[in-house]
>>> print(open('start_7.tsv').read())   # TSV, C-alpha atoms and all ligand atoms
chain	number	residue	atom	x	y	z
A	1151	MET	CA	11.24	-5.43	-20.88
A	1152	LYS	CA	14.61	-6.13	-22.55
A	1153	SER	CA	16.21	-9.21	-21.03
A	1154	ARG	CA	19.77	-8.98	-19.74
A	1155	ILE	CA	20.24	-12.63	-20.69
A	1156	LYS	CA	21.62	-13.41	-24.13
A	1157	ASP	CA	19.76	-16.61	-24.90
A	1158	THR	CA	16.45	-15.96	-23.18
A	1159	TYR	CA	14.60	-18.90	-24.69
A	1160	LEU	CA	17.46	-21.27	-25.49
A	1161	PRO	CA	18.31	-23.66	-22.64
A	1162	LEU	CA	21.97	-24.03	-21.81
A	1163	LYS	CA	23.01	-27.67	-21.66
A	1164	ALA	CA	24.04	-28.84	-18.19
A	1165	GLU	CA	24.93	-32.10	-16.47
A	1166	ILE	CA	23.72	-33.35	-13.12
A	1167	VAL	CA	26.93	-34.56	-11.46
A	1168	GLU	CA	25.55	-35.54	-8.06
A	1169	ILE	CA	22.17	-36.14	-6.42
A	1170	MET	CA	21.77	-36.27	-2.64
A	1171	ASP	CA	18.71	-37.25	-0.58
A	1172	MET	CA	17.76	-34.45	1.82
A	1173	THR	CA	14.44	-35.87	3.08
A	1174	SER	CA	12.03	-38.54	1.81
A	1175	ASP	CA	10.73	-36.17	-0.90
A	1176	ILE	CA	13.50	-33.57	-1.31
A	1177	LYS	CA	16.76	-34.05	-3.23
A	1178	LEU	CA	19.77	-31.80	-3.78
A	1179	PHE	CA	21.02	-31.72	-7.39
A	1180	LYS	CA	24.54	-30.54	-8.19
A	1181	VAL	CA	24.58	-29.23	-11.74
A	1182	LYS	CA	27.51	-28.41	-13.99
A	1183	PRO	CA	26.60	-26.03	-16.85
A	1184	TYR	CA	28.46	-26.38	-20.16
A	1185	ARG	CA	29.55	-22.75	-19.99
A	1186	GLN	CA	29.94	-20.08	-17.32
A	1187	PHE	CA	26.68	-19.28	-15.56
A	1188	LEU	CA	26.62	-16.26	-13.21
A	1189	TYR	CA	23.86	-15.81	-10.64
A	1190	LYS	CA	22.92	-13.96	-7.46
A	1191	PRO	CA	20.92	-14.86	-4.30
A	1192	GLY	CA	17.18	-14.94	-4.95
A	1193	GLU	CA	17.40	-15.66	-8.68
A	1194	PHE	CA	15.84	-18.75	-10.25
A	1195	ILE	CA	16.30	-20.85	-13.35
A	1196	MET	CA	13.89	-22.52	-15.74
A	1197	LEU	CA	14.99	-26.15	-15.60
A	1198	SER	CA	14.08	-28.34	-18.57
A	1199	LEU	CA	14.03	-32.08	-18.77
A	1200	TRP	CA	13.82	-33.34	-22.33
A	1201	GLY	CA	10.49	-34.97	-23.14
A	1202	LYS	CA	8.95	-33.79	-19.86
A	1203	GLY	CA	8.85	-29.99	-19.66
A	1204	GLU	CA	10.25	-26.98	-17.86
A	1205	ILE	CA	9.84	-25.69	-14.28
A	1206	PRO	CA	11.12	-22.73	-12.23
A	1207	ILE	CA	13.61	-23.65	-9.50
A	1208	SER	CA	15.54	-21.37	-7.12
A	1209	ILE	CA	19.30	-21.49	-7.09
A	1210	THR	CA	20.44	-22.50	-3.60
A	1211	SER	CA	24.21	-22.40	-4.11
A	1212	THR	CA	26.47	-19.34	-3.79
A	1213	TYR	CA	28.27	-18.23	-6.93
A	1214	GLY	CA	32.04	-18.36	-6.44
A	1215	PHE	CA	31.76	-20.53	-3.32
A	1216	HIS	CA	30.04	-23.72	-4.43
A	1217	LYS	CA	31.67	-25.64	-7.25
A	1218	TYR	CA	28.38	-26.49	-8.95
A	1219	ILE	CA	24.94	-24.92	-9.25
A	1220	GLU	CA	22.89	-26.49	-6.46
A	1221	LEU	CA	19.15	-27.04	-6.74
A	1222	CYS	CA	17.01	-28.43	-3.96
A	1223	ILE	CA	13.85	-29.95	-5.39
A	1224	ARG	CA	10.73	-31.40	-3.73
A	1225	ARG	CA	8.88	-34.15	-5.59
A	1226	VAL	CA	5.34	-32.84	-6.08
A	1227	GLY	CA	4.23	-33.73	-9.60
A	1228	PHE	CA	5.11	-34.74	-13.14
A	1229	ILE	CA	8.48	-33.07	-13.78
A	1230	THR	CA	9.83	-33.10	-10.23
A	1231	SER	CA	9.02	-36.84	-9.99
A	1232	ALA	CA	10.90	-37.46	-13.24
A	1233	LEU	CA	13.87	-35.46	-11.90
A	1234	HIS	CA	13.91	-37.55	-8.72
A	1235	LEU	CA	14.28	-40.71	-10.83
A	1236	LEU	CA	17.44	-39.45	-12.60
A	1237	LYS	CA	20.89	-40.86	-11.88
A	1238	PRO	CA	24.08	-38.89	-12.54
A	1239	PRO	CA	25.42	-38.13	-15.03
A	1240	ALA	CA	22.14	-36.89	-16.53
A	1241	LYS	CA	21.52	-34.07	-18.97
A	1242	ILE	CA	19.16	-31.17	-18.31
A	1243	GLY	CA	18.67	-27.68	-19.74
A	1244	ILE	CA	18.79	-24.44	-17.78
A	1245	ARG	CA	17.58	-20.98	-18.79
A	1246	GLY	CA	18.26	-17.85	-16.82
A	1247	PRO	CA	19.08	-16.78	-14.22
A	1248	PHE	CA	15.78	-14.92	-13.95
A	1249	GLY	CA	14.08	-12.67	-11.44
A	1250	ASN	CA	15.30	-10.02	-9.04
A	1251	THR	CA	17.62	-10.41	-6.06
A	1252	PHE	CA	17.25	-9.73	-2.33
A	1253	PRO	CA	18.00	-6.03	-1.65
A	1254	VAL	CA	20.43	-6.92	1.12
A	1255	GLU	CA	22.54	-3.76	0.70
A	1256	LYS	CA	19.74	-1.81	2.38
A	1257	ALA	CA	20.05	-3.99	5.50
A	1258	LYS	CA	23.69	-3.09	6.15
A	1259	GLY	CA	24.15	-1.64	9.64
A	1260	LYS	CA	20.77	-3.07	10.70
A	1261	ASP	CA	19.44	-6.11	12.54
A	1262	VAL	CA	18.48	-8.84	10.07
A	1263	PHE	CA	15.92	-11.61	10.50
A	1264	PHE	CA	15.62	-14.57	8.15
A	1265	PHE	CA	12.42	-16.62	8.37
A	1266	ALA	CA	12.61	-19.99	6.58
A	1267	GLY	CA	9.68	-22.40	6.53
A	1268	GLY	CA	10.51	-25.85	5.13
A	1269	LEU	CA	11.83	-25.54	1.59
A	1270	GLY	CA	11.89	-21.76	2.10
A	1271	ILE	CA	15.52	-22.00	3.22
A	1272	VAL	CA	16.44	-22.82	-0.41
A	1273	PRO	CA	16.47	-19.26	-1.87
A	1274	LEU	CA	17.63	-17.80	1.47
A	1275	ARG	CA	20.70	-20.06	1.75
A	1276	PRO	CA	23.01	-18.09	-0.61
A	1277	LEU	CA	21.77	-14.81	0.92
A	1278	ILE	CA	22.52	-15.98	4.49
A	1279	HIS	CA	25.88	-17.28	3.29
A	1280	ASN	CA	26.82	-13.85	1.88
A	1281	VAL	CA	25.52	-11.98	4.93
A	1282	MET	CA	27.50	-14.24	7.31
A	1283	ASN	CA	30.61	-13.66	5.21
A	1284	GLU	CA	30.16	-9.91	5.69
A	1285	LYS	CA	28.88	-10.22	9.25
A	1286	SER	CA	30.62	-7.08	10.52
A	1287	LYS	CA	28.54	-4.99	8.10
A	1288	PHE	CA	25.30	-6.03	9.79
A	1289	LYS	CA	24.11	-5.90	13.39
A	1290	ARG	CA	22.41	-8.92	14.94
A	1291	ILE	CA	21.63	-11.70	12.45
A	1292	THR	CA	18.90	-14.20	13.34
A	1293	LEU	CA	17.57	-17.22	11.46
A	1294	ILE	CA	14.13	-18.45	12.48
A	1295	CYS	CA	13.73	-21.80	10.87
A	1296	GLY	CA	10.82	-24.24	10.89
A	1297	SER	CA	9.75	-27.45	9.20
A	1298	ARG	CA	6.98	-30.03	9.39
A	1299	ASN	CA	9.17	-32.06	11.77
A	1300	PRO	CA	12.70	-31.53	13.18
A	1301	GLY	CA	14.16	-34.22	10.89
A	1302	GLU	CA	13.20	-32.13	7.86
A	1303	ILE	CA	15.29	-29.04	8.68
A	1304	LEU	CA	17.38	-28.61	5.53
A	1305	PHE	CA	21.08	-27.64	5.29
A	1306	LYS	CA	21.89	-28.40	8.95
A	1307	ASP	CA	25.64	-28.31	8.22
A	1308	ASP	CA	25.35	-24.78	6.84
A	1309	ILE	CA	23.25	-23.74	9.84
A	1310	ASP	CA	25.92	-25.14	12.23
A	1311	LEU	CA	28.61	-23.23	10.35
A	1312	TRP	CA	26.65	-19.97	10.36
A	1313	GLN	CA	25.96	-20.45	14.07
A	1314	LYS	CA	29.70	-20.80	14.71
A	1315	LYS	CA	30.16	-17.51	12.86
A	1316	GLY	CA	27.65	-15.81	15.19
A	1317	LEU	CA	24.22	-16.40	13.67
A	1318	ASN	CA	21.40	-16.57	16.24
A	1319	ILE	CA	19.13	-19.48	15.50
A	1320	ILE	CA	15.61	-20.24	16.67
A	1321	PHE	CA	14.00	-23.47	15.52
A	1322	GLY	CA	10.26	-23.07	14.96
A	1323	VAL	CA	8.77	-20.13	13.07
A	1324	ARG	CA	5.77	-19.81	15.41
A	1325	LYS	CA	8.06	-19.98	18.44
A	1326	GLY	CA	10.34	-17.39	16.83
A	1327	LEU	CA	7.45	-15.01	16.28
A	1328	GLN	CA	6.26	-15.57	19.87
A	1329	LEU	CA	9.73	-14.72	21.17
A	1330	LEU	CA	9.81	-11.55	19.13
A	1331	ILE	CA	6.30	-10.56	20.24
A	1332	HIS	CA	7.35	-11.24	23.85
A	1333	ASN	CA	10.25	-8.90	23.23
A	1334	ILE	CA	7.89	-6.14	22.12
A	1335	GLU	CA	5.66	-6.69	25.17
A	1336	LYS	CA	8.71	-6.45	27.37
A	1337	LYS	CA	9.68	-3.25	25.63
A	1338	ASP	CA	6.22	-1.78	26.22
A	1339	ASN	CA	6.28	-2.71	29.93
A	1340	SER	CA	9.72	-1.30	30.51
A	1341	SER	CA	10.00	2.12	32.01
A	1342	GLN	CA	13.42	2.47	30.39
A	1343	ARG	CA	12.03	1.46	26.94
A	1344	LYS	CA	14.76	-1.14	26.64
A	1345	VAL	CA	14.55	-3.81	23.99
A	1346	GLY	CA	15.81	-7.21	24.97
A	1347	ILE	CA	14.86	-10.82	24.49
A	1348	GLU	CA	14.74	-13.21	27.42
A	1349	THR	CA	16.11	-16.32	25.76
A	1350	GLY	CA	19.37	-18.13	25.57
A	1351	HIS	CA	19.37	-17.59	21.83
A	1352	LEU	CA	19.12	-13.85	21.67
A	1353	ASN	CA	20.36	-12.72	25.10
A	1354	THR	CA	19.69	-9.12	25.92
A	1355	SER	CA	20.98	-7.37	22.86
A	1356	LYS	CA	18.99	-4.41	21.73
A	1357	ILE	CA	16.87	-4.91	18.67
A	1358	SER	CA	15.10	-2.05	16.98
A	1359	PHE	CA	12.29	-3.60	14.97
A	1360	LYS	CA	11.64	-0.26	13.33
A	1361	ASN	CA	15.09	-0.35	11.75
A	1362	ALA	CA	15.41	-4.12	11.25
A	1363	TYR	CA	15.08	-5.98	7.93
A	1364	SER	CA	13.52	-9.37	7.37
A	1365	PHE	CA	13.65	-11.89	4.54
A	1366	ILE	CA	10.91	-14.53	4.59
A	1367	CYS	CA	10.48	-17.68	2.48
A	1368	GLY	CA	8.16	-20.60	3.00
A	1369	PRO	CA	4.58	-21.75	2.49
A	1370	PRO	CA	2.12	-18.91	1.65
A	1371	VAL	CA	0.27	-19.12	4.99
A	1372	MET	CA	3.52	-18.82	6.92
A	1373	ILE	CA	4.68	-15.89	4.77
A	1374	ILE	CA	1.47	-13.91	5.28
A	1375	GLU	CA	1.32	-14.61	9.02
A	1376	THR	CA	4.96	-13.63	9.49
A	1377	MET	CA	4.69	-10.44	7.42
A	1378	LYS	CA	1.60	-9.33	9.34
A	1379	SER	CA	3.20	-10.10	12.73
A	1380	LEU	CA	6.41	-8.23	11.89
A	1381	SER	CA	4.42	-5.24	10.66
A	1382	MET	CA	2.36	-5.26	13.87
A	1383	MET	CA	5.61	-5.32	15.85
A	1384	GLY	CA	6.66	-2.08	14.19
A	1385	MET	CA	8.88	-3.28	11.36
A	1386	ASN	CA	8.69	-1.01	8.34
A	1387	GLU	CA	6.67	-2.77	5.60
A	1388	GLU	CA	9.29	-1.67	3.07
A	1389	SER	CA	11.89	-3.63	5.06
A	1390	ILE	CA	9.99	-6.93	5.00
A	1391	PHE	CA	10.81	-9.04	1.92
A	1392	THR	CA	9.54	-12.34	0.64
A	1393	SER	CA	9.96	-14.53	-2.43
A	1394	LEU	CA	6.71	-15.58	-4.13
A	1395	GLU	CA	5.92	-18.65	-6.20
A	1396	ALA	CA	3.53	-18.90	-9.14
A	1397	HIS	CA	2.94	-21.17	-12.11
A	1398	MET	CA	5.49	-20.16	-14.74
A	1399	LYS	CA	6.02	-21.05	-18.38
A	1400	CYS	CA	8.38	-18.51	-19.94
A	1401	GLY	CA	10.14	-16.89	-16.97
A	1402	VAL	CA	10.60	-13.65	-18.92
A	1403	GLY	CA	7.29	-11.76	-18.74
A	1404	LYS	CA	5.82	-12.97	-22.06
A	1405	CYS	CA	3.30	-15.76	-21.42
A	1406	GLY	CA	1.31	-14.17	-18.58
A	1407	HIS	CA	1.10	-17.38	-16.53
A	1408	CYS	CA	2.59	-15.76	-13.44
A	1409	TYR	CA	0.61	-12.48	-13.68
A	1410	ILE	CA	-0.97	-11.74	-10.29
A	1411	ASP	CA	-2.48	-8.46	-9.08
A	1412	GLY	CA	-0.78	-6.36	-11.78
A	1413	LYS	CA	2.66	-7.92	-11.42
A	1414	TYR	CA	4.64	-10.56	-13.28
A	1415	ILE	CA	6.19	-12.73	-10.57
A	1416	CYS	CA	8.95	-13.81	-13.00
A	1417	THR	CA	10.22	-10.34	-13.95
A	1418	ASP	CA	8.90	-7.93	-11.28
A	1419	GLY	CA	9.79	-10.54	-8.61
A	1420	PRO	CA	9.96	-13.15	-7.33
A	1421	ILE	CA	11.12	-10.95	-4.43
A	1422	PHE	CA	8.68	-8.30	-3.22
A	1423	SER	CA	8.43	-6.11	-0.14
A	1424	TYR	CA	5.34	-6.35	2.05
A	1425	ALA	CA	4.61	-2.71	1.15
A	1426	GLU	CA	4.56	-3.59	-2.59
A	1427	LEU	CA	2.34	-6.62	-2.02
A	1428	LYS	CA	-0.14	-4.62	0.04
A	1429	LYS	CA	-0.31	-1.94	-2.63
A	1430	HIS	CA	-1.55	-4.53	-5.12
A	1431	ARG	CA	-3.62	-6.60	-2.69
A	1432	PRO	CA	-4.74	-4.56	0.34
A	1433	SER	CA	-6.16	-7.71	2.01
A	1434	TYR	CA	-2.60	-8.88	2.74
B	1	LIG	C1	10.44	-18.73	-8.66
B	1	LIG	C2	10.16	-20.16	-8.22
B	1	LIG	C3	11.14	-20.87	-7.58
B	1	LIG	C4	10.91	-22.18	-7.18
B	1	LIG	N1	11.90	-22.85	-6.55
B	1	LIG	C5	11.71	-24.13	-6.19
B	1	LIG	C6	12.76	-24.85	-5.57
B	1	LIG	O1	13.88	-24.34	-5.36
B	1	LIG	N2	12.53	-26.13	-5.23
B	1	LIG	C7	11.31	-26.75	-5.46
B	1	LIG	O2	11.16	-27.91	-5.14
B	1	LIG	N3	10.29	-26.07	-6.03
B	1	LIG	C8	10.47	-24.79	-6.41
B	1	LIG	N4	9.46	-24.12	-7.03
B	1	LIG	C9	8.18	-24.82	-7.26
B	1	LIG	C10	8.34	-25.71	-8.50
B	1	LIG	O3	8.50	-24.90	-9.65
B	1	LIG	C11	7.11	-26.61	-8.65
B	1	LIG	O4	7.05	-27.50	-7.57
B	1	LIG	C12	7.18	-27.38	-9.96
B	1	LIG	O5	6.91	-26.50	-11.02
B	1	LIG	C13	6.19	-28.54	-9.96
B	1	LIG	O6	6.33	-29.18	-11.20
B	1	LIG	P1	5.78	-30.64	-11.42
B	1	LIG	O7	5.69	-30.88	-12.90
B	1	LIG	O8	6.56	-31.63	-10.64
B	1	LIG	O9	4.35	-30.57	-10.75
B	1	LIG	P2	2.94	-30.54	-11.52
B	1	LIG	O10	2.66	-31.92	-12.02
B	1	LIG	O11	2.88	-29.40	-12.48
B	1	LIG	O12	2.01	-30.16	-10.29
B	1	LIG	C14	1.93	-30.92	-9.11
B	1	LIG	C15	1.17	-30.15	-8.05
B	1	LIG	O13	1.92	-29.00	-7.63
B	1	LIG	C16	1.20	-27.82	-7.88
B	1	LIG	N5	2.16	-26.81	-8.33
B	1	LIG	C17	2.90	-26.84	-9.44
B	1	LIG	N6	3.67	-25.76	-9.52
B	1	LIG	C18	3.43	-25.02	-8.41
B	1	LIG	C19	3.92	-23.79	-7.90
B	1	LIG	N7	4.85	-23.07	-8.53
B	1	LIG	N8	3.42	-23.34	-6.74
B	1	LIG	C20	2.48	-24.04	-6.09
B	1	LIG	N9	1.99	-25.22	-6.51
B	1	LIG	C21	2.45	-25.69	-7.65
B	1	LIG	C22	0.18	-28.16	-8.92
B	1	LIG	O14	-0.96	-27.32	-8.84
B	1	LIG	C23	-0.16	-29.60	-8.56
B	1	LIG	O15	-1.07	-29.65	-7.52
B	1	LIG	C24	9.64	-22.80	-7.43
B	1	LIG	C25	8.65	-22.07	-8.07
B	1	LIG	C26	8.89	-20.76	-8.46
B	1	LIG	C27	7.84	-20.00	-9.15
B	2	LIG	S1	6.24	-16.97	-16.49
B	2	LIG	FE1	5.56	-16.14	-18.37
B	2	LIG	S2	5.05	-14.13	-17.84
B	2	LIG	FE2	5.93	-14.89	-16.02
>>> encode(input="start_7.tsv", output="structure tokens")
Amino acid sequence: MKSRIKDTYLPLKAEIVEIMDMTSDIKLFKVKPYRQFLYKPGEFIMLSLWGKGEIPISITSTYGFHKYIELCIRRVGFITSALHLLKPPAKIGIRGPFGNTFPVEKAKGKDVFFFAGGLGIVPLRPLIHNVMNEKSKFKRITLICGSRNPGEILFKDDIDLWQKKGLNIIFGVRKGLQLLIHNIEKKDNSSQRKVGIETGHLNTSKISFKNAYSFICGPPVMIIETMKSLSMMGMNEESIFTSLEAHMKCGVGKCGHCYIDGKYICTDGPIFSYAELKKHRPSY
């Protein structure tokens, strides 16, 4: 596949201008590239730290809104630990942006559900930002957001702002799914076939799961459980999207490290519909 990026393998020099603690093991890095760097929601970069190596990281800022490229990184191993020790100004390299974007155009005029588990809010953040800025083009917009404990919900200021703009928010992915399932049960029991949710969060607005879209990011177990539940509730499997992670080396479909079930996560993804995933792995 021909890359749309000019310097596919050559990292662009960039400077970390600010580092903020988000939780005990997650930091937000504000990065200033040495030349213009365009990107869209869902895309990722290959971040290199000289002498250490290169890792894929999602871009969590919104192009044209945030001054710098923002990266939210959990300390899990060799390179992420080295990144957490940096102090601004520090130099890094960035390649990309790589990968596909969330097909949000398709969701216009429909109800939209975002499911974010822990760090899963990172790739969804610029997407939610854009959707909230064009709120009138969508119907009901709901964020179902969970984390290991309430203190670890990321980007609370953004969530408050989106809520002020009309976003429905449910904290707790499992609770969110239960509320939605309850909604379906209510629909089935209703002689008038009305769809409504009995909670303060979602009131009684009508939601058609058949026509709704969902965007899910989080730990693999949460993603699979949520995709299955939404499908069981009647959501079209082509309208359920998630962003997958895999070990990556090149980011451009050459090394084969991210090849799973006939797909390169770096170039065919990282965003896939549930229908696509099931085609390649029916056990999903
Ligand atoms: C498209 C994409 C976007 C990503 N976005 C982000 C992001 O925004 N923020 C963030 O913190 N992380 C993100 N990741 C994950 C990140 O790339 C890994 O955490 C990182 O590569 C770990 O590097 P390390 O050298 O610190 O860990 P290593 O020393 O290589 O490994 C430490 C441990 O983590 C495991 N591990 C390493 N990479 C992955 C992986 N990709 N998936 C699952 N387990 C892994 C290893 O098996 C090992 O157990 C993303 C991954 C992908 C593929
Ligand atoms: S990371 Fe090399 S092929 Fe995907």
>>> closest_atom_pairs(input="start_7.tsv", of="chain A", to="ligand LIG 2 (chain B)", cutoff="6 Å", atoms="all atoms listed in the file", output="JSON lines")
{"residue": "A:Met1398", "atom": "CA", "partner": "B:LIG2", "partner_atom": "S1", "distance": 3.7}
{"residue": "A:Lys1399", "atom": "CA", "partner": "B:LIG2", "partner_atom": "S1", "distance": 4.5}
{"residue": "A:Cys1400", "atom": "CA", "partner": "B:LIG2", "partner_atom": "FE1", "distance": 4.0}
{"residue": "A:Gly1401", "atom": "CA", "partner": "B:LIG2", "partner_atom": "S1", "distance": 3.9}
{"residue": "A:Val1402", "atom": "CA", "partner": "B:LIG2", "partner_atom": "FE2", "distance": 5.6}
{"residue": "A:Gly1403", "atom": "CA", "partner": "B:LIG2", "partner_atom": "S2", "distance": 3.4}
{"residue": "A:Lys1404", "atom": "CA", "partner": "B:LIG2", "partner_atom": "S2", "distance": 4.4}
{"residue": "A:Cys1405", "atom": "CA", "partner": "B:LIG2", "partner_atom": "FE1", "distance": 3.8}
{"residue": "A:Gly1406", "atom": "CA", "partner": "B:LIG2", "partner_atom": "S2", "distance": 3.8}
{"residue": "A:His1407", "atom": "CA", "partner": "B:LIG2", "partner_atom": "FE1", "distance": 5.0}
{"residue": "A:Cys1408", "atom": "CA", "partner": "B:LIG2", "partner_atom": "FE2", "distance": 4.3}
{"residue": "A:Tyr1414", "atom": "CA", "partner": "B:LIG2", "partner_atom": "FE2", "distance": 5.3}
{"residue": "A:Ile1415", "atom": "CA", "partner": "B:LIG2", "partner_atom": "FE2", "distance": 5.9}
{"residue": "A:Cys1416", "atom": "CA", "partner": "B:LIG2", "partner_atom": "FE2", "distance": 4.4}
>>> write_last_selection(input="start_7.tsv", atoms="C-alpha atoms", output="PDB file, keeping the file's coordinate frame")
ATOM      1  CA  MET A1398       5.490 -20.160 -14.740  1.00  0.00           C
ATOM      2  CA  LYS A1399       6.020 -21.050 -18.380  1.00  0.00           C
ATOM      3  CA  CYS A1400       8.380 -18.510 -19.940  1.00  0.00           C
ATOM      4  CA  GLY A1401      10.140 -16.890 -16.970  1.00  0.00           C
ATOM      5  CA  VAL A1402      10.600 -13.650 -18.920  1.00  0.00           C
ATOM      6  CA  GLY A1403       7.290 -11.760 -18.740  1.00  0.00           C
ATOM      7  CA  LYS A1404       5.820 -12.970 -22.060  1.00  0.00           C
ATOM      8  CA  CYS A1405       3.300 -15.760 -21.420  1.00  0.00           C
ATOM      9  CA  GLY A1406       1.310 -14.170 -18.580  1.00  0.00           C
ATOM     10  CA  HIS A1407       1.100 -17.380 -16.530  1.00  0.00           C
ATOM     11  CA  CYS A1408       2.590 -15.760 -13.440  1.00  0.00           C
ATOM     12  CA  TYR A1414       4.640 -10.560 -13.280  1.00  0.00           C
ATOM     13  CA  ILE A1415       6.190 -12.730 -10.570  1.00  0.00           C
ATOM     14  CA  CYS A1416       8.950 -13.810 -13.000  1.00  0.00           C
TER      15      CYS A1416
END
>>> residues_near_ligand(input="start_7.tsv", ligand="ligand LIG 1 (chain B)", cutoff="9 Å", atoms="all atoms listed in the file", output="PyMOL selection string")
chain A and resi 1176-1177+1192-1197+1202-1210+1221-1233+1248-1249+1269-1270+1272-1273+1393-1398+1401+1408+1415-1416+1419-1421
>>> write_last_selection(input="start_7.tsv", atoms="C-alpha atoms", output="compact mmCIF listing (two decimals), in the frame of the given file")
# COMPACT_ATOMS: atom_id res chain seq x y z
CA ILE A 1176 13.50 -33.57 -1.31
CA LYS A 1177 16.76 -34.05 -3.23
CA GLY A 1192 17.18 -14.94 -4.95
CA GLU A 1193 17.40 -15.66 -8.68
CA PHE A 1194 15.84 -18.75 -10.25
CA ILE A 1195 16.30 -20.85 -13.35
CA MET A 1196 13.89 -22.52 -15.74
CA LEU A 1197 14.99 -26.15 -15.60
CA LYS A 1202 8.95 -33.79 -19.86
CA GLY A 1203 8.85 -29.99 -19.66
CA GLU A 1204 10.25 -26.98 -17.86
CA ILE A 1205 9.84 -25.69 -14.28
CA PRO A 1206 11.12 -22.73 -12.23
CA ILE A 1207 13.61 -23.65 -9.50
CA SER A 1208 15.54 -21.37 -7.12
CA ILE A 1209 19.30 -21.49 -7.09
CA THR A 1210 20.44 -22.50 -3.60
CA LEU A 1221 19.15 -27.04 -6.74
CA CYS A 1222 17.01 -28.43 -3.96
CA ILE A 1223 13.85 -29.95 -5.39
CA ARG A 1224 10.73 -31.40 -3.73
CA ARG A 1225 8.88 -34.15 -5.59
CA VAL A 1226 5.34 -32.84 -6.08
CA GLY A 1227 4.23 -33.73 -9.60
CA PHE A 1228 5.11 -34.74 -13.14
CA ILE A 1229 8.48 -33.07 -13.78
CA THR A 1230 9.83 -33.10 -10.23
CA SER A 1231 9.02 -36.84 -9.99
CA ALA A 1232 10.90 -37.46 -13.24
CA LEU A 1233 13.87 -35.46 -11.90
CA PHE A 1248 15.78 -14.92 -13.95
CA GLY A 1249 14.08 -12.67 -11.44
CA LEU A 1269 11.83 -25.54 1.59
CA GLY A 1270 11.89 -21.76 2.10
CA VAL A 1272 16.44 -22.82 -0.41
CA PRO A 1273 16.47 -19.26 -1.87
CA SER A 1393 9.96 -14.53 -2.43
CA LEU A 1394 6.71 -15.58 -4.13
CA GLU A 1395 5.92 -18.65 -6.20
CA ALA A 1396 3.53 -18.90 -9.14
CA HIS A 1397 2.94 -21.17 -12.11
CA MET A 1398 5.49 -20.16 -14.74
CA GLY A 1401 10.14 -16.89 -16.97
CA CYS A 1408 2.59 -15.76 -13.44
CA ILE A 1415 6.19 -12.73 -10.57
CA CYS A 1416 8.95 -13.81 -13.00
CA GLY A 1419 9.79 -10.54 -8.61
CA PRO A 1420 9.96 -13.15 -7.33
CA ILE A 1421 11.12 -10.95 -4.43
>>> residues_around(input="start_7.tsv", residues="Asp1411 in chain A", least_positions_apart="2", cutoff="7 Å", atoms="only C-alpha atoms", output="NGL selection string")
:A and (1409 or 1413 or 1430-1431)
>>> closest_residue(input="start_7.tsv", among="A:Gly1296, A:Gly1301, A:Gly1368, A:Gly1201", to="Arg1324 in chain A", atoms="all atoms listed in the file")
A:Gly1296
>>> residues_around(input="start_7.tsv", residues="range 1381-1391 of chain A", least_positions_apart="5", cutoff="6 Å", atoms="only C-alpha atoms", output="PyMOL selection string")
chain A and resi 1359-1360+1363-1365+1422-1425
>>> write_last_selection(input="start_7.tsv", atoms="C-alpha atoms", output="short mmCIF file (atom, residue, chain, number, x, y, z; two decimals), in the coordinates of the input")
data_model
loop_
_atom_site.label_atom_id
_atom_site.label_comp_id
_atom_site.auth_asym_id
_atom_site.auth_seq_id
_atom_site.Cartn_x
_atom_site.Cartn_y
_atom_site.Cartn_z
CA PHE A 1359 12.29 -3.60 14.97
CA LYS A 1360 11.64 -0.26 13.33
CA TYR A 1363 15.08 -5.98 7.93
CA SER A 1364 13.52 -9.37 7.37
CA PHE A 1365 13.65 -11.89 4.54
CA PHE A 1422 8.68 -8.30 -3.22
CA SER A 1423 8.43 -6.11 -0.14
CA TYR A 1424 5.34 -6.35 2.05
CA ALA A 1425 4.61 -2.71 1.15
#
>>> residues_around(input="start_7.tsv", residues="Val1262 in chain A", least_positions_apart="3", cutoff="7 Å", atoms="all atoms listed in the file", output="PDB file with C-alpha atoms, in the frame of the given file")
ATOM      1  CA  ALA A1257      20.050  -3.990   5.500  1.00  0.00           C
ATOM      2  CA  ARG A1290      22.410  -8.920  14.940  1.00  0.00           C
ATOM      3  CA  ILE A1291      21.630 -11.700  12.450  1.00  0.00           C
ATOM      4  CA  THR A1292      18.900 -14.200  13.340  1.00  0.00           C
ATOM      5  CA  ALA A1362      15.410  -4.120  11.250  1.00  0.00           C
ATOM      6  CA  TYR A1363      15.080  -5.980   7.930  1.00  0.00           C
ATOM      7  CA  SER A1364      13.520  -9.370   7.370  1.00  0.00           C
TER       8      SER A1364
END
>>> atom_distance(input="start_7.tsv", atom1="CA of Gly1243 in chain A", atom2="CA of Ala1164 in chain A")
5.7 Å
>>> atom_distance(input="start_7.tsv", atom1="CA of Ile1410 in chain A", atom2="CA of Lys1429 in chain A")
12.5 Å
>>> residues_around(input="start_7.tsv", residues="Ile1219 in chain A", least_positions_apart="4", cutoff="7 Å", atoms="only C-alpha atoms", output="ChimeraX atom specification")
/A:1180-1182,1209,1211
>>> write_last_selection(input="start_7.tsv", atoms="C-alpha atoms", output="tab-separated table (two decimals), in the frame of the given file")
chain	number	residue	atom	x	y	z
A	1180	LYS	CA	24.54	-30.54	-8.19
A	1181	VAL	CA	24.58	-29.23	-11.74
A	1182	LYS	CA	27.51	-28.41	-13.99
A	1209	ILE	CA	19.30	-21.49	-7.09
A	1211	SER	CA	24.21	-22.40	-4.11
>>> closest_residue(input="start_7.tsv", among="A:Asp1175, A:Glu1284, A:Asp1308, A:Glu1426", to="Gly1259 in chain A", atoms="all atoms listed in the file")
A:Glu1284
>>> atom_distance(input="start_7.tsv", atom1="CA of Leu1427 in chain A", atom2="CA of Thr1212 in chain A")
27.3 Å
